[in-house]
Structure formats: structure tokens, C-alpha cells
file model-v8.txt (compact mmCIF, C-alpha atoms)
# COMPACT_ATOMS: atom_id res chain seq x y z
CA MET A 14 6.83 -18.27 31.55
CA LYS A 15 8.54 -18.75 34.89
CA ALA A 16 10.28 -21.79 33.46
CA ILE A 17 11.32 -19.88 30.33
CA PHE A 18 12.59 -16.78 32.15
CA PRO A 19 14.69 -17.74 35.20
CA ALA A 20 15.06 -14.09 36.29
CA TRP A 21 11.32 -13.71 36.80
CA THR A 22 11.85 -13.17 40.53
CA ALA A 23 13.44 -9.78 39.76
CA ALA A 24 9.98 -8.46 38.87
CA LEU A 25 7.79 -10.67 41.08
CA LYS A 26 9.50 -10.57 44.45
CA THR A 27 6.45 -11.27 46.61
CA PRO A 28 3.23 -13.29 46.25
CA GLU A 29 1.32 -10.00 46.27
CA LEU A 30 3.30 -8.65 43.32
CA GLU A 31 2.80 -11.90 41.46
CA ALA A 32 -0.95 -11.81 42.06
CA GLU A 33 -1.12 -8.23 40.80
CA ALA A 34 0.97 -9.15 37.77
CA ARG A 35 -1.41 -12.00 36.94
CA ARG A 36 -4.35 -9.60 37.15
CA GLN A 37 -2.62 -7.03 34.89
CA TRP A 38 -1.58 -9.66 32.37
CA LEU A 39 -5.07 -11.14 32.20
CA GLN A 40 -6.55 -7.69 31.66
CA GLY A 41 -3.93 -6.85 29.03
CA LEU A 42 -4.51 -10.09 27.11
CA LEU A 43 -8.27 -9.63 27.08
CA GLU A 44 -8.07 -5.96 26.04
CA ASN A 45 -5.87 -6.93 23.12
CA ARG A 46 -8.04 -9.92 22.15
CA ILE A 47 -5.37 -12.51 22.87
CA ASP A 48 -8.06 -15.10 23.51
CA SER A 49 -7.09 -18.13 21.46
CA GLU A 50 -4.78 -21.04 22.19
CA GLU A 51 -3.09 -20.48 18.83
CA LYS A 52 -2.08 -16.92 19.73
CA ILE A 53 -0.88 -17.89 23.22
CA ARG A 54 1.24 -20.67 21.77
CA ALA A 55 2.74 -18.27 19.24
CA GLY A 56 3.64 -15.88 22.04
CA LEU A 57 5.23 -18.62 24.14
CA ALA A 58 7.21 -19.84 21.14
CA ARG A 59 8.72 -16.38 20.78
CA CYS A 60 9.43 -16.33 24.51
CA ARG A 61 11.52 -19.48 24.15
CA SER A 62 13.61 -17.89 21.39
CA HIS A 63 13.99 -14.55 23.20
CA ASN A 64 17.55 -13.95 24.33
CA SER A 65 16.85 -12.61 27.81
CA PRO A 66 16.32 -14.20 31.25
CA PHE A 67 13.83 -11.48 32.24
CA LEU A 68 10.07 -11.49 31.77
CA PRO A 69 8.86 -9.48 28.75
CA SER A 70 6.34 -6.69 29.13
CA ILE A 71 2.67 -7.36 28.47
CA GLY A 72 2.89 -5.27 25.31
CA GLN A 73 5.82 -7.28 23.97
CA PHE A 74 4.06 -10.56 24.65
CA VAL A 75 0.89 -9.29 22.95
CA GLU A 76 2.97 -8.33 19.90
CA TRP A 77 4.46 -11.83 19.74
CA CYS A 78 1.03 -13.42 20.04
CA ASN A 79 -0.34 -11.29 17.23
CA GLU A 80 2.43 -12.20 14.81
CA VAL A 81 0.78 -15.54 14.11
CA SER A 82 -2.34 -13.78 12.77
CA GLU A 83 -0.30 -11.45 10.57
CA ASN A 84 1.72 -14.35 9.21
CA ALA A 85 -1.46 -16.30 8.49
CA ALA A 86 -2.75 -13.32 6.50
CA GLY A 87 0.50 -13.23 4.53
CA LEU A 88 1.04 -9.59 5.50
CA PRO A 89 4.41 -8.30 4.25
CA SER A 90 6.72 -6.16 6.35
CA GLU A 91 6.00 -2.45 6.43
CA SER A 92 9.10 -1.64 4.39
CA ALA A 93 8.18 -4.18 1.68
CA ALA A 94 4.59 -2.93 1.63
CA TYR A 95 5.72 0.68 1.27
CA ARG A 96 8.02 -0.20 -1.63
CA ALA A 97 5.08 -1.89 -3.38
CA PHE A 98 2.84 1.09 -2.63
CA SER A 99 5.40 3.56 -4.00
CA SER A 100 5.90 1.58 -7.21
CA VAL A 101 2.19 1.50 -7.98
CA ILE A 102 1.20 5.01 -6.96
CA SER A 103 3.90 6.50 -9.18
CA ALA A 104 2.63 4.62 -12.24
CA PRO A 105 0.07 6.12 -14.69
CA SER A 106 -3.55 5.47 -13.75
CA TYR A 107 -4.04 2.91 -16.51
CA ALA A 108 -0.89 1.02 -15.48
CA LYS A 109 -1.61 0.70 -11.76
CA ASP A 110 -1.77 -3.01 -10.88
CA TRP A 111 -2.63 -3.46 -7.21
CA THR A 112 -3.27 -7.19 -7.71
CA ALA A 113 0.48 -7.78 -8.00
CA HIS A 114 0.84 -7.00 -4.28
CA HIS A 115 -0.85 -7.91 -1.02
CA PRO A 116 -4.38 -6.43 -1.02
CA ALA A 117 -3.63 -4.66 2.28
CA VAL A 118 -1.41 -2.31 0.27
CA PHE A 119 -4.43 -1.25 -1.80
CA TRP A 120 -6.50 -0.89 1.38
CA VAL A 121 -3.98 1.66 2.67
CA TYR A 122 -4.10 3.51 -0.65
CA SER A 123 -7.91 3.59 -0.64
CA GLN A 124 -8.06 5.34 2.74
CA ILE A 125 -6.84 8.64 1.26
CA SER A 126 -7.77 10.23 -2.06
CA THR A 127 -5.34 9.95 -4.95
CA PHE A 128 -5.21 13.75 -5.11
CA ASP A 129 -4.06 13.98 -1.50
CA TRP A 130 -1.51 11.18 -1.90
CA MET A 131 0.01 12.86 -4.96
CA HIS A 132 0.33 16.23 -3.21
CA MET A 133 2.27 14.89 -0.23
CA THR A 134 6.00 15.17 0.22
CA ALA A 135 7.90 11.87 0.41
CA LYS A 136 8.18 12.30 4.17
CA GLU A 137 4.46 13.01 4.59
CA MET A 138 3.51 10.05 2.41
CA GLN A 139 5.65 7.62 4.37
CA LYS A 140 4.25 8.92 7.67
CA GLU A 141 0.64 8.52 6.50
CA PHE A 142 1.39 5.06 5.12
CA SER A 143 3.04 3.97 8.38
CA GLY A 144 0.04 5.07 10.45
CA LEU A 145 -2.40 3.25 8.18
CA TRP A 146 -0.20 0.14 8.11
CA VAL A 147 -0.57 -0.09 11.91
CA GLU A 148 -4.33 -0.22 11.36
CA ALA A 149 -3.91 -2.83 8.62
CA ARG A 150 -1.91 -5.04 10.97
CA LYS A 151 -4.65 -4.81 13.61
CA MET A 152 -7.25 -5.75 11.00
CA ALA A 153 -5.13 -8.70 9.85
CA ARG A 154 -5.01 -9.94 13.43
CA ASP A 155 -8.79 -9.84 13.54
CA GLY A 156 -9.02 -11.88 10.33
CA PHE A 157 -10.11 -9.09 7.97
CA ASN A 158 -10.30 -10.11 4.30
CA PHE A 159 -8.35 -7.42 2.45
CA SER A 160 -9.10 -9.04 -0.91
CA SER A 161 -12.65 -7.73 -0.64
CA CYS A 162 -11.27 -4.19 -0.97
CA LEU A 163 -9.56 -4.69 -4.33
CA PRO A 164 -11.15 -2.81 -7.25
CA LYS A 165 -13.26 -4.92 -9.57
CA PRO A 166 -11.99 -5.33 -13.15
CA GLU A 167 -14.83 -3.19 -14.49
CA ASP A 168 -13.79 -0.36 -12.15
CA VAL A 169 -10.29 -0.14 -13.58
CA GLU A 170 -9.93 2.45 -16.33
CA ALA A 171 -8.47 1.05 -19.51
CA PRO A 172 -6.15 3.24 -21.57
CA GLU A 173 -7.88 5.12 -24.34
CA THR A 174 -7.35 3.74 -27.83
CA PRO A 175 -6.65 6.58 -30.25
CA LYS A 176 -9.46 6.98 -32.77
CA PRO A 177 -8.62 7.52 -36.45
CA CYS A 178 -9.08 11.13 -37.48
CA ASP A 179 -11.91 11.95 -39.85
CA PRO A 180 -10.36 12.83 -43.28
CA LYS A 181 -12.50 15.95 -43.66
CA ALA A 182 -11.56 17.16 -40.17
CA ALA A 183 -7.90 16.47 -40.90
CA GLU A 184 -8.02 18.45 -44.15
CA GLU A 185 -9.77 21.36 -42.43
CA ALA A 186 -7.14 21.39 -39.67
CA ARG A 187 -4.43 21.32 -42.34
CA ARG A 188 -5.91 24.31 -44.17
CA ASN A 189 -6.33 26.24 -40.90
CA MET A 190 -2.70 25.59 -40.01
CA PHE A 191 -1.44 27.00 -43.32
CA GLY A 192 -3.98 29.81 -43.12
CA MET A 193 -2.39 31.02 -39.88
CA PHE A 194 0.64 31.94 -42.01
CA GLY A 195 -1.38 33.38 -44.90
CA MET A 196 -0.53 30.46 -47.16
CA GLU A 197 -2.50 28.12 -49.34
CA PRO A 198 -1.75 24.45 -48.54
CA PRO A 199 -0.11 22.47 -51.38
CA SER A 200 -2.31 19.98 -53.11
CA THR A 201 -2.44 16.62 -51.35
CA ARG A 202 -1.94 15.05 -54.78
CA ASP A 203 1.53 16.61 -55.01
CA THR A 204 2.78 16.24 -51.47
CA THR A 205 1.94 14.53 -48.21
CA LEU A 206 1.18 16.34 -44.98
CA ALA A 207 4.50 15.20 -43.56
CA GLU A 208 6.29 16.78 -46.51
CA ASP A 209 4.27 19.97 -46.06
CA LEU A 210 5.46 20.27 -42.49
CA THR A 211 9.13 19.80 -43.39
CA ASP A 212 9.24 21.88 -46.57
CA ARG A 213 12.01 24.45 -46.25
CA SER A 214 10.22 27.25 -48.05
CA TRP A 215 7.23 26.85 -45.74
CA ALA A 216 9.48 26.85 -42.66
CA GLN A 217 11.11 30.11 -43.82
call {"tool": "encode", "arguments": {"input": "model-v8.txt", "output": "C-alpha cells"}}
result
Amino acid sequence: MKAIFPAWTAALKTPELEAEARRQWLQGLLENRIDSEEKIRAGLARCRSHNSPFLPSIGQFVEWCNEVSENAAGLPSESAAYRAFSSVISAPSYAKDWTAHHPAVFWVYSQISTFDWMHMTAKEMQKEFSGLWVEARKMARDGFNFSSCLPKPEDVEAPETPKPCDPKAAEEARRNMFGMFGMEPPSTRDTTLAEDLTDRSWAQ
């Protein structure tokens, strides 16, 4: 990092400050589980493309190191994930297709009840989503398998198929409808139900 950032001396002016910085960086890396060569290399690669001669903060370097895990998990950006979330949650229950998006989007949805999601304002919903997406990113870094959270096919409600009406029940409903107006229904041999409903004399 000294070779990458020539202005490192601005922060580490004495051997004592450098020793303390090493201790803080080691502690910060361990606390954030930056403990693999792959993550360190990812962080250093971002350092080399960073347009600044000064050393980054520990937090910034940790963020760069973690990007490799998120990329490996195929995690979309927060804005893209929220657009996918919004498109699905606004669809009818039988038309919700979470499998068309990254499973982390469904994980976020599953953390709060559908009732609560639907009763939030747009601002509240985005705030809740953003907070949960931070957690999803941390889980992606730790290698969590979001696919295991997706609902199984048998758990997805299929749309109800309308059942044909029983002829006797239909005729009874027809008679009751005309009875409300003190009328006898015309014979089904002379007219259809559709014609009954549009007959001008009946409407008057």
C-alpha cells in the first residue's frame, strides 16, 4: 500500500504512528472477517485503481475487499434490487415470480410480513428495504446461499379456476333476482338470461 499511495507519509509520519496504524488495520481486518488472500487481493486491486495518492481508511479498504464476495454471489446493486422488489410486490399474489430475480430480493421480502409491506408509504418501504439490503450484502460476503430461501413450488398459491355454476343454483339465483322486483322471470325457453337482464320493460 505504501507503493500504491505515495502520500502515505502524510498519515504515518513516525515509526510509532506506523506501528499503531498496523495494529489498528490488523484489528479492523479481523473484526470484519477480511481473512482470505482472495479478499485482500480484491482490496489491493481497487487501491491500484483509486484516484488518490493518500491511504484509504480501514473501512474503505474493507468495503473494497468485500466486493469480491458480493460479485461472486451475483448480488445486484441496491437500486436494481429495489426495482425488482417493487415490481413483484405490486403484482397480485398469484402473479408474484421471485425466481425471475436474485434470491436475495426474496430474502429481503420474507423478513417482513406482506401486510406490513403493503401498509408502508413508498418512503418507509425504501428505507426498510435499504436496511435489510445491508444485511443481505453482509450475508453474501459470508457465502450465504440465498436460493435456499426461495418458496418451494408447492408453497406458491395458484390462481383459482372458476367452477361452473350448478344449473339449479343458477336458476334459483335468477328467480330470486326477479323476485326482488316482484316479477316472475320469463321462461328460459323463450329468452336467455342475458336477454332477461337487458330487456327494456324489465329495466323500467
call {"tool": "closest_residue", "arguments": {"input": "model-v8.txt", "among": "A:Ala113, A:Ala186, A:Leu68, A:Ala32", "to": "A:Val101", "atoms": "all atoms listed in the file"}}
result
A:Ala113
call {"tool": "closest_residue", "arguments": {"input": "model-v8.txt", "among": "A:Lys140, A:His115, A:Arg187, A:His132", "to": "A:Phe159", "atoms": "all atoms listed in the file"}}
result
A:His115
call {"tool": "atom_distance", "arguments": {"input": "model-v8.txt", "atom1": "atom CA of A:Trp38", "atom2": "atom CA of A:Ile71"}}
result
6.2 Å
call {"tool": "closest_residue", "arguments": {"input": "model-v8.txt", "among": "A:Phe18, A:Tyr107, A:Phe194, A:Phe98", "to": "A:His63", "atoms": "all atoms listed in the file"}}
result
A:Phe18
call {"tool": "atom_distance", "arguments": {"input": "model-v8.txt", "atom1": "atom CA of A:Asp155", "atom2": "atom CA of A:Cys78"}}
result
12.3 Å
call {"tool": "atom_distance", "arguments": {"input": "model-v8.txt", "atom1": "atom CA of A:Trp120", "atom2": "atom CA of A:Glu50"}}
result
29.0 Å
call {"tool": "closest_residue", "arguments": {"input": "model-v8.txt", "among": "A:Phe191, A:Gly87, A:Ser100, A:Phe67", "to": "A:Leu25", "atoms": "only C-alpha atoms"}}
result
A:Phe67
call {"tool": "closest_residue", "arguments": {"input": "model-v8.txt", "among": "A:Pro105, A:Gly72, A:Pro198, A:Pro180", "to": "A:Ile47", "atoms": "only C-alpha atoms"}}
result
A:Gly72
call {"tool": "closest_residue", "arguments": {"input": "model-v8.txt", "among": "A:Ser143, A:Ser90, A:Ser49, A:Asn79", "to": "A:Val121", "atoms": "all atoms listed in the file"}}
result
A:Ser143
